[in-house]
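Comments concern the structure below.
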Amino acid sequence: MADVNTLADSQLRSLARKIPSEILANLGTAELRCRCDTAAGLLDDMSRSNDEYERSRLSREAERVLNAISLRAWLMGTQVLLDEVAKAKADGAGTAHTAALNELDRFVRDNPQPGLQDAAVAAEISGINSAVDKPRRWYEVWKVR
């Protein structure tokens, strides 16, 4: 879906090339831009940091952002886990409910999604296009007689 060459910045394009192809195939253009922007910001913070531990943590976080699953897959995964939580709650099993909530927390923590707050990514996922269509031209009206 997303093309690496749609990114204007060469640094963002090089970061986008680090994303595995099976994940890149499921990303939208806005989601790819948001993910690369977030990773670039983390790497910029890493280069300015003097603390070795902080540099390592920021580098790992940038890798996690680049290698995280797509937002569509994340939404489907969280929906499945939320269904499991509701099912365990309805059954009345306290330990199963707690285990399902812990699994949901682990899934969200292991798969960061930088595009959740971005309006362009939300529009891309929902299929809503806010761009106005160009007016249709009527060439028959403009014929020379």
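Residue numbers start at 1 in each chain; chains themselves are named A, B, ... in the order of the structure tokens; ligands are numbered from 1 in the order shown.
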Near Ser59 in chain A, within 8 Å and counting only C-alpha atoms, which residues show up once chain neighbours fewer than 2 positions away are dropped, as a compact mmCIF listing (two decimals) with C-alpha atoms, in the first residue's frame?
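Printed below is selection15.txt as written:
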```txt
# COMPACT_ATOMS: atom_id res chain seq x y z
CA LEU A 42 13.67 9.28 18.76
CA LEU A 43 16.95 8.91 16.90
CA MET A 46 19.39 9.66 20.99
CA ARG A 55 20.83 6.36 24.16
CA SER A 56 20.31 2.60 24.24
CA ARG A 57 16.70 2.95 25.36
CA GLU A 61 12.30 2.33 21.09
CA ALA A 62 12.98 3.58 17.53
CA GLU A 63 13.47 -0.04 16.41
```
Could you give me, as a VMD selection string, the residues within 8 Å of Leu81 in chain A, counting only C-alpha atoms and dropping anything in the same chain fewer than 5 positions from it?
-> chain A and resid 100 103 to 104
Dump C-alpha atoms for the selected residues as an mmCIF file, in the first residue's frame?
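Saved as result_1.cif:
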```
data_model
loop_
_atom_site.group_PDB
_atom_site.id
_atom_site.type_symbol
_atom_site.label_atom_id
_atom_site.label_comp_id
_atom_site.auth_asym_id
_atom_site.auth_seq_id
_atom_site.Cartn_x
_atom_site.Cartn_y
_atom_site.Cartn_z
ATOM 1 C CA ALA A 100 -6.898 -11.636 29.486
ATOM 2 C CA GLU A 103 -2.410 -10.182 27.721
ATOM 3 C CA LEU A 104 -4.078 -7.051 26.330
#
```
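The interatomic distance for the pair CA of Glu31 in chain A and CA of Val121 in chain A works out to 5.4 Å.
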Could you pull out all residues of chain A with a DSSP call of helix (DSSP H, G or I) and give them as a ChimeraX atom specification?
-> /A:4-6,10-16,21-24,29-48,52-67,71-91,94-110,114-117,119-126
Enumerate, in order of chain and increasing residue number, the residues of range 28-94 of chain A with an atom no farther than 8 Å from range 15-20 of chain A, each with its shortest atom pair and distance in Å to one decimal, counting only C-alpha atoms, as JSON lines.
```
{"residue": "A:Leu32", "atom": "CA", "partner": "A:Ala16", "partner_atom": "CA", "distance": 7.3}
{"residue": "A:Cys36", "atom": "CA", "partner": "A:Leu15", "partner_atom": "CA", "distance": 6.2}
{"residue": "A:Ala39", "atom": "CA", "partner": "A:Leu15", "partner_atom": "CA", "distance": 7.7}
{"residue": "A:Ala40", "atom": "CA", "partner": "A:Leu15", "partner_atom": "CA", "distance": 7.7}
{"residue": "A:Leu66", "atom": "CA", "partner": "A:Ile19", "partner_atom": "CA", "distance": 5.6}
{"residue": "A:Asn67", "atom": "CA", "partner": "A:Ile19", "partner_atom": "CA", "distance": 5.9}
```
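Residue nearest Thr6 in chain A, chosen from A:Pro114, A:Val108, A:Ala30, A:Trp74 and counting only C-alpha atoms: A:Ala30.
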Counting only C-alpha atoms, the residue among A:Ala120, A:Gly92, A:Ser10, A:Arg60 that lies closest to Gly28 in chain A is A:Ala120
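Between Asn111 in chain A and the residues A:Asn50, A:Ser70, A:Thr38, A:Ser126, the shortest atom-to-atom distance, using only C-alpha atoms, involves A:Ser70.
Going from CA of Leu27 in chain A over to CA of Leu12 in chain A, you cover 14.8 Å.
Using only C-alpha atoms, the contacts of Lys87 in chain A at a cut-off of 12 Å, with sequence neighbours closer than 5 positions omitted, comprise Val80, Leu81, Leu82, Gly92, Ala93, Gly94, Ala96, His97, Thr98, Ala100 and Leu101 of chain A.
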Tell me, in Å to one decimal, how far CA of Arg13 in chain A is from CA of Cys34 in chain A.
-> 12.2 Å
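Nearest residue to Arg64 in chain A among A:Gln113, A:Asn102, A:Asn5, A:Ser14 is A:Gln113, counting only C-alpha atoms.
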